[in-house]
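Colleague: So that we are looking at the same thing, I have put the structure below in structure tokens.
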Amino acid sequence: MAIQADARTSADERRAHKATLAALLLLERRALVFLRHVVDPTRARIPVDPLEAAKVLGARIADATRAIRGAARREGMARLQAEWLAVKRRLEAAGAKPPDRLPAPAAKADLDALHAQRTGNAYEATVLRKTADAMGMNEGPSVAHIVRQAESTLTSIATTEVSSAFSDERAKAMALTVATYKAAEWVPMLHQVWDATLDQRTCSRCSALDGAIRPWGGDFPGGAVPGQVHPRCRCQAMPFVVHVAKRLVA
Ligand SMILES: [Zn+2]
């Protein structure tokens with residue numbers, strides 16, 4: 001293969017990269033605030049019966065999850081379009097004529113509905129389990145109290161869902177670009193690099209994947225998907241341009 005990785009990144013690319021990670025963190029924080037609001041027992045009436053309360057909260061979390069995933073998709077695509085400007089400049093410098101904008105994937109609500117349902121059910125189960133635990137300790141089944149203590153669960157939902165949908169939309173757009181411009185000479189230059197350096201508690205699996213480079217639309221080692229390795233995974237695939245020395249011959 002006549003492809004050689006060009007390790008240099010331009011100032012434009014570094015800026016786009018930083019902005020993407022900042023956008024992701026901001027989105028996660030917003031999602032957390034939104035989730036706190038939808039389960040806040042002081043603002044919303046929660047039934048006294050724990051079973052009923054868990055159901056109501058589960059449904060609210062499911063609705064919120066759908067909204068969060070939709071926002072994360074839009075933001076993920078918007079960031080990729082911004083990153084494309086830097087990528088496009090590098091392709092043009094190599095003599096290619098890429099389009100101004102990337103094709104956007106068609107809306108896919110089914111997958112988000114599925115995630116939302118699963119997240120809502122899991123939250124319902126969490127509330128029920130914690131209520132049962134509280135009853136076992138003779139503290140009484142105070143749902144409001146349990147919800148107030150649900151901070152880590154809400155943080156986990158915000159991080160997991162935002163990262164997963166953000167990453168999913170970007171992966172789809174990359175695959176769609178490759179499919180749309182299959183014959184273009186610049187397509188083999190489009191690569192993505194796994195970025196796992198969002199915090200210092202990165203797990204060993206994600207750290208091992210950090211820096212892995214694959215073509216757009218290609219699979220990462222072991223079929224791992226950035227942002228979906230485990231709950232709270234904040235890995236993302238960033239665009240990366242490699243220098244193509246010669247046209248590839250299959
Ligand atoms: Zn990860």
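The chains in the structure tokens are called A, B, ... from first to last as shown; in each chain the residues are counted from 1, and the ligands are counted from 1 in the order shown.
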Please find the residues contacting ligand 1 at a distance of at most 7 Å between atoms, with only C-alpha atoms and all ligand atoms counted, and report them as number ranges by chain.
Modeller: A: 196, 202-203, 206, 226-230, 233-235
Colleague: Give one line per residue of region 114-199 of chain A that approaches region 21-45 of chain A to at most 9 Å, naming the two atoms of the closest pair and their distance in Å to one decimal, counting only C-alpha atoms; sort by chain then ascending residue number and deliver it as a Markdown table.
Modeller:
```
| residue | atom | partner | partner_atom | distance |
| --- | --- | --- | --- | --- |
| A:Val143 | CA | A:Pro41 | CA | 8.5 |
| A:Ala144 | CA | A:Pro41 | CA | 5.5 |
| A:His145 | CA | A:Pro41 | CA | 8.5 |
| A:Val147 | CA | A:Val39 | CA | 7.0 |
| A:Arg148 | CA | A:Asp40 | CA | 7.4 |
| A:Glu151 | CA | A:Arg36 | CA | 8.1 |
| A:Leu154 | CA | A:Leu32 | CA | 6.4 |
| A:Thr155 | CA | A:Leu32 | CA | 5.9 |
| A:Ser156 | CA | A:Leu32 | CA | 8.9 |
| A:Ile157 | CA | A:Leu32 | CA | 8.0 |
| A:Ala158 | CA | A:Ala31 | CA | 5.2 |
| A:Thr159 | CA | A:Glu28 | CA | 5.5 |
| A:Thr160 | CA | A:Glu28 | CA | 8.7 |
| A:Glu161 | CA | A:Glu28 | CA | 8.7 |
| A:Val162 | CA | A:Glu28 | CA | 6.1 |
| A:Ser163 | CA | A:Leu24 | CA | 7.3 |
| A:Phe166 | CA | A:Leu24 | CA | 7.9 |
| A:Leu198 | CA | A:Leu21 | CA | 7.7 |
```
Colleague: Go ahead and dump the residues you just picked, C-alpha atoms, as a PDB file, in the first residue's frame.
Modeller:
```pdb
ATOM      1  CA  VAL A 143     -38.650   8.377  46.413  1.00  0.00           C
ATOM      2  CA  ALA A 144     -37.808  12.073  46.562  1.00  0.00           C
ATOM      3  CA  HIS A 145     -34.800  11.297  48.730  1.00  0.00           C
ATOM      4  CA  VAL A 147     -33.986  10.802  43.340  1.00  0.00           C
ATOM      5  CA  ARG A 148     -31.957  13.490  45.069  1.00  0.00           C
ATOM      6  CA  GLU A 151     -26.571  12.218  40.790  1.00  0.00           C
ATOM      7  CA  LEU A 154     -27.840  10.976  35.940  1.00  0.00           C
ATOM      8  CA  THR A 155     -24.221  11.863  35.174  1.00  0.00           C
ATOM      9  CA  SER A 156     -23.709   8.414  33.690  1.00  0.00           C
ATOM     10  CA  ILE A 157     -26.795   8.786  31.477  1.00  0.00           C
ATOM     11  CA  ALA A 158     -25.764  12.276  30.311  1.00  0.00           C
ATOM     12  CA  THR A 159     -22.215  11.209  29.434  1.00  0.00           C
ATOM     13  CA  THR A 160     -23.108   7.869  27.875  1.00  0.00           C
ATOM     14  CA  GLU A 161     -26.006   9.034  25.698  1.00  0.00           C
ATOM     15  CA  VAL A 162     -24.384  12.262  24.510  1.00  0.00           C
ATOM     16  CA  SER A 163     -21.132  10.549  23.574  1.00  0.00           C
ATOM     17  CA  PHE A 166     -22.535  12.267  18.923  1.00  0.00           C
ATOM     18  CA  LEU A 198     -10.591  13.155  27.532  1.00  0.00           C
TER      19      LEU A 198
END
```
Colleague: Residues of region 125-224 of chain A that approach region 79-103 of chain A to 8 Å or less, counting only C-alpha atoms: could you list each one with the shortest pair of atoms and its distance in Å to one decimal, rows by chain and increasing residue number, as a Markdown table?
Modeller:
```
| residue | atom | partner | partner_atom | distance |
| --- | --- | --- | --- | --- |
| A:Arg170 | CA | A:Leu80 | CA | 6.6 |
| A:Ala173 | CA | A:Pro103 | CA | 6.7 |
| A:Leu176 | CA | A:Pro103 | CA | 6.9 |
| A:Thr177 | CA | A:Pro103 | CA | 6.2 |
| A:Thr180 | CA | A:Pro103 | CA | 8.0 |
| A:Glu185 | CA | A:Ala96 | CA | 7.2 |
| A:Trp186 | CA | A:Ala96 | CA | 6.0 |
| A:Met189 | CA | A:Leu91 | CA | 7.9 |
```
Colleague: Determine which residues of region 22-224 of chain A receive a DSSP assignment of helix (DSSP H, G or I), computed from the backbone, and state them as JSON, numbers by chain.
Modeller: {"A": [22, 23, 24, 25, 26, 27, 28, 29, 30, 31, 32, 33, 34, 35, 36, 37, 38, 39, 50, 51, 52, 53, 54, 55, 56, 57, 58, 59, 60, 61, 62, 63, 64, 65, 66, 67, 68, 69, 70, 71, 72, 73, 74, 75, 76, 77, 78, 79, 80, 81, 82, 83, 84, 85, 86, 87, 88, 89, 90, 91, 92, 93, 109, 110, 111, 112, 113, 114, 115, 116, 117, 118, 119, 120, 121, 122, 123, 124, 125, 126, 127, 128, 129, 130, 131, 132, 133, 134, 135, 136, 143, 144, 145, 146, 147, 148, 151, 152, 153, 154, 155, 156, 157, 158, 159, 160, 161, 162, 163, 164, 165, 166, 167, 168, 169, 170, 171, 172, 173, 174, 175, 176, 177, 178, 179, 180, 187, 188, 189, 204, 205, 206, 207, 208, 209, 221, 222, 223]}
Colleague: Please identify every residue of region 40-97 of chain A that has at least one atom no farther than 7 Å from an atom of region 108-122 of chain A, counting only C-alpha atoms, and for each give the shortest atom pair and the distance in Å to one decimal, arranged by chain then increasing number, as a Markdown table.
Modeller:
```
| residue | atom | partner | partner_atom | distance |
| --- | --- | --- | --- | --- |
| A:Gly58 | CA | A:Gly120 | CA | 4.3 |
| A:Ala59 | CA | A:Gly120 | CA | 5.8 |
| A:Ile61 | CA | A:Gly120 | CA | 5.1 |
| A:Ala62 | CA | A:Gly120 | CA | 4.2 |
| A:Asp63 | CA | A:Ala116 | CA | 6.8 |
| A:Thr65 | CA | A:Ala116 | CA | 5.1 |
| A:Arg66 | CA | A:Ala116 | CA | 5.4 |
| A:Arg69 | CA | A:Asp112 | CA | 6.5 |
```
Colleague: So how many Å separate CA of Gly217 (chain A) and CA of Ala104 (chain A), to one decimal?
Modeller: 14.2 Å
Colleague: Between A:Ala171, A:Ala150, A:Leu57, A:Ile46, which one has atoms that come closest to Met77 (chain A), using only C-alpha atoms?
Modeller: A:Ala171
Colleague: Between CA of Ala64 (chain A) and CA of Gly76 (chain A), what is the distance, to one decimal in Å?
Modeller: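 For CA of Ala64 (chain A) relative to CA of Gly76 (chain A), the distance reads 18.0 Å.
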